[in-house]
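Structure record follows, encoded as structure tokens.
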Amino acid sequence: MKYSDTKGPISLSSVPEDAIGHRIPGSKRDVESAVIKVTPEMAKEWLKKNRSNRKVREDRVDRYAEQMKDGEWMVSPDAIAFSYTDKLINGQHRLKAIMQLGRGESVECLVAFGLDPDAFKIADVGVKRTGADVLRIEGFKSAEEMAAVCRLLALWKQERLEELHRYENVRNSVIVDIATACRKRLVKTIEKTGSDKGALAGKMPRSLMAFAYFAYKPTFPVRADYFFDGFLYDKNFPAVDWEEEYGEKGAKNPISLLKDKMRKGYDNLSRKAKLALLVKAMNAYCLERPMKQLRWRSNEDFPELAAKKPEAEQDLFS
């Protein structure tokens, strides 16, 4: 029988038997789901199965609890979900809200069992999980900054850095893959940029500086360090007179030009403009190309990094 031949309401019985899968690949258990009256006691026990889920947003928990107490809660198609490894992968906010109910009270919820442990990466409860949420679940420290840097690395690899001002344009799975593949170097980079939080205040967002340092360091190992230390601390880099060194009248150190630009207009510059100016300055400094002024206009093409772009993803993530 063809699916198009079926009549009546859409239900599981209307789906061809050979189209129905009962288990997730890798699992020895069938997927099960049901509408369950969840009590505070059940919610408390289920939350013990939480796999370091994303940061709890207390305002959302309170909002859910209020709806439940007022009888306005409806069964959501987005199930409270457990993996076949017996971990809670979705629904922590609802369960915490249910715990605020009185003894003997319950709320009906769709609950699914036996799902893929990695399904948390795409789970969505009202507000989509951010890249930082997913990295935090995976055990990464400094998750917000790590996610921001990984997002920029993905855009650079995809030749879309000009889109950095747009959000939700890099999949969470890509962010996790990048963070996992280059974990050690990313951690060192973020620790370096965050060791003195005041050093970058009013100069450059930390995630932009971390991205640039991470990107340039393999191609320009010495000059990337000089640029970083010179921009942040005014030390540990050659105090070269660029006009004298390169024989070009009016030439200035790109580090000084970038500092002047940030000092005069930091609050008025967009995030995109700040990165464009940082890239231009680092290009000039690392390539030792004299420059007299530093500027970038919004109608210009976004500058390309002088750092070598890897041909293969693994080259980027090593």
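We name chains A, B, ... following the order of the structure tokens; residues begin at 1 in each chain, and ligands are numbered from 1 as shown.
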Applying 12 Å and only C-alpha atoms, which residues near Gln100 of chain A remain after dropping the ones on its own chain fewer than 5 positions away? List them as number ranges by chain.
A: 39-41, 43-44, 61-69, 93-95, 105-107
Residues as selected, N, CA and C atoms, written as a compact mmCIF listing (two decimals), in the first residue's frame, can you do that?
```txt
# COMPACT_ATOMS: atom_id res chain seq x y z
N THR A 39 5.31 14.70 38.15
CA THR A 39 5.17 15.28 39.48
C THR A 39 6.49 15.92 39.91
N PRO A 40 6.45 16.76 40.96
CA PRO A 40 7.70 17.34 41.46
C PRO A 40 8.71 16.27 41.87
N GLU A 41 8.22 15.17 42.43
CA GLU A 41 9.12 14.10 42.85
C GLU A 41 9.81 13.47 41.64
N ALA A 43 10.27 14.94 38.74
CA ALA A 43 11.17 15.95 38.16
C ALA A 43 12.50 15.99 38.91
N LYS A 44 12.44 15.89 40.24
CA LYS A 44 13.66 15.91 41.04
C LYS A 44 14.57 14.74 40.69
N VAL A 61 12.49 29.58 34.18
CA VAL A 61 11.93 28.59 35.10
C VAL A 61 10.73 29.17 35.82
N ASP A 62 10.87 30.39 36.33
CA ASP A 62 9.77 31.03 37.05
C ASP A 62 8.57 31.27 36.14
N ARG A 63 8.84 31.64 34.90
CA ARG A 63 7.75 31.88 33.95
C ARG A 63 6.99 30.59 33.66
N TYR A 64 7.72 29.51 33.46
CA TYR A 64 7.08 28.21 33.22
C TYR A 64 6.25 27.80 34.44
N ALA A 65 6.83 27.97 35.63
CA ALA A 65 6.14 27.56 36.86
C ALA A 65 4.84 28.33 37.03
N GLU A 66 4.87 29.61 36.73
CA GLU A 66 3.66 30.43 36.84
C GLU A 66 2.58 29.95 35.88
N GLN A 67 2.97 29.61 34.65
CA GLN A 67 2.00 29.10 33.68
C GLN A 67 1.41 27.77 34.15
N MET A 68 2.25 26.93 34.73
CA MET A 68 1.77 25.63 35.22
C MET A 68 0.79 25.80 36.37
N LYS A 69 1.10 26.68 37.31
CA LYS A 69 0.23 26.90 38.46
C LYS A 69 -1.09 27.53 38.06
N HIS A 93 14.64 23.08 32.13
CA HIS A 93 13.89 24.24 32.62
C HIS A 93 12.46 23.85 33.02
N ARG A 94 11.83 22.99 32.23
CA ARG A 94 10.49 22.52 32.57
C ARG A 94 10.50 21.70 33.86
N LEU A 95 11.50 20.83 34.00
CA LEU A 95 11.56 20.00 35.20
C LEU A 95 11.80 20.84 36.44
N GLU A 105 0.57 17.63 42.95
CA GLU A 105 0.28 18.27 41.67
C GLU A 105 1.16 17.68 40.57
N SER A 106 0.72 17.82 39.35
CA SER A 106 1.50 17.31 38.21
C SER A 106 1.18 18.11 36.96
N VAL A 107 2.03 17.97 35.96
CA VAL A 107 1.84 18.63 34.67
C VAL A 107 2.09 17.62 33.58
```
Going by DSSP on the backbone, which bits of segment 30-163 of chain A are alpha helix (DSSP H)? Write them as a VMD selection string, please.
chain A and resid 40 to 47 58 to 69 92 to 98 131 to 137 143 to 157
Keeping C-alpha atoms, export the residues of the selection given above as a short mmCIF file (atom, residue, chain, number, x, y, z; two decimals), in the first residue's frame.
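Once everything was written out, this is again_12.cif:
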```cif
data_model
loop_
_atom_site.label_atom_id
_atom_site.label_comp_id
_atom_site.auth_asym_id
_atom_site.auth_seq_id
_atom_site.Cartn_x
_atom_site.Cartn_y
_atom_site.Cartn_z
CA PRO A 40 7.70 17.34 41.46
CA GLU A 41 9.12 14.10 42.85
CA MET A 42 9.63 12.69 39.36
CA ALA A 43 11.17 15.95 38.16
CA LYS A 44 13.66 15.91 41.04
CA GLU A 45 14.78 12.37 40.21
CA TRP A 46 14.97 13.05 36.47
CA LEU A 47 17.14 16.12 37.01
CA GLU A 58 15.90 31.30 36.36
CA ASP A 59 13.54 33.82 34.78
CA ARG A 60 12.38 31.17 32.33
CA VAL A 61 11.93 28.59 35.10
CA ASP A 62 9.77 31.03 37.05
CA ARG A 63 7.75 31.88 33.95
CA TYR A 64 7.08 28.21 33.22
CA ALA A 65 6.14 27.56 36.86
CA GLU A 66 3.66 30.43 36.84
CA GLN A 67 2.00 29.10 33.68
CA MET A 68 1.77 25.63 35.22
CA LYS A 69 0.23 26.90 38.46
CA GLN A 92 15.76 20.93 32.43
CA HIS A 93 13.89 24.24 32.62
CA ARG A 94 10.49 22.52 32.57
CA LEU A 95 11.56 20.00 35.20
CA LYS A 96 12.87 22.74 37.49
CA ALA A 97 9.56 24.57 37.04
CA ILE A 98 7.60 21.42 37.92
CA GLY A 131 27.15 27.89 20.78
CA ALA A 132 28.25 28.78 24.31
CA ASP A 133 25.45 26.64 25.78
CA VAL A 134 26.62 23.63 23.79
CA LEU A 135 30.31 24.15 24.64
CA ARG A 136 29.43 24.46 28.32
CA ILE A 137 27.58 21.16 28.13
CA ALA A 143 32.37 28.94 26.90
CA GLU A 144 31.08 32.33 25.74
CA GLU A 145 34.46 33.55 24.54
CA MET A 146 35.39 30.14 23.13
CA ALA A 147 32.17 30.05 21.09
CA ALA A 148 32.72 33.59 19.79
CA VAL A 149 36.26 32.75 18.63
CA CYS A 150 35.19 29.45 17.04
CA ARG A 151 32.40 31.24 15.21
CA LEU A 152 34.89 33.72 13.75
CA LEU A 153 37.22 30.89 12.74
CA ALA A 154 34.35 29.19 10.93
CA LEU A 155 33.41 32.40 9.11
CA TRP A 156 37.05 32.94 8.14
CA LYS A 157 37.36 29.42 6.79
#
```
Segment 96-297 of chain A: residues DSSP assigns to strand (DSSP E), reported as a ChimeraX atom specification
/A:107-115,124-125,127-128
Same residues, C-alpha atoms, output as a compact mmCIF listing (two decimals), in the first residue's frame:
```
# COMPACT_ATOMS: atom_id res chain seq x y z
CA VAL A 107 1.84 18.63 34.67
CA GLU A 108 1.40 16.68 31.46
CA CYS A 109 4.52 16.65 29.27
CA LEU A 110 5.63 14.74 26.22
CA VAL A 111 8.61 12.62 27.30
CA ALA A 112 10.90 10.65 25.00
CA PHE A 113 13.39 7.94 25.92
CA GLY A 114 16.24 6.26 24.03
CA LEU A 115 17.45 9.18 21.89
CA ASP A 124 15.41 23.69 21.29
CA VAL A 125 13.21 24.68 24.21
CA VAL A 127 15.06 29.73 23.05
CA LYS A 128 17.65 28.05 20.86
```
Tell me, as a PyMOL selection string, which residues lie within 12 Å of Asn299 of chain A, counting only C-alpha atoms; anything in the same chain fewer than 2 positions away does not count.
chain A and resi 162+272-273+276+295-297+301-303
Could you write those residues out with C-alpha atoms, as a tab-separated table (two decimals), in the first residue's frame?
```tsv
chain	number	residue	atom	x	y	z
A	162	GLU	CA	32.09	40.19	6.69
A	272	LYS	CA	32.77	44.64	12.23
A	273	ALA	CA	34.75	47.88	11.87
A	276	ALA	CA	38.52	45.18	9.97
A	295	ARG	CA	41.08	53.45	8.20
A	296	TRP	CA	38.26	51.26	6.97
A	297	ARG	CA	34.95	52.41	5.54
A	301	ASP	CA	35.38	45.07	1.06
A	302	PHE	CA	36.29	43.34	4.28
A	303	PRO	CA	40.10	42.96	4.40
```
Quote the spacing between atom CA of Lys308 of chain A and atom CA of Pro218 of chain A in Å to one decimal place.
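Computing the Euclidean distance for atom CA of Lys308 of chain A and atom CA of Pro218 of chain A yields 8.2 Å.
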Do a neighbour search on Arg185 of chain A at 12 Å with only C-alpha atoms, toss out local chain neighbours closer than 4 positions, and write the hits as a PyMOL selection string.
chain A and resi 146+149-150+178-181+189-192+210-211+213-215+217-218+316-318
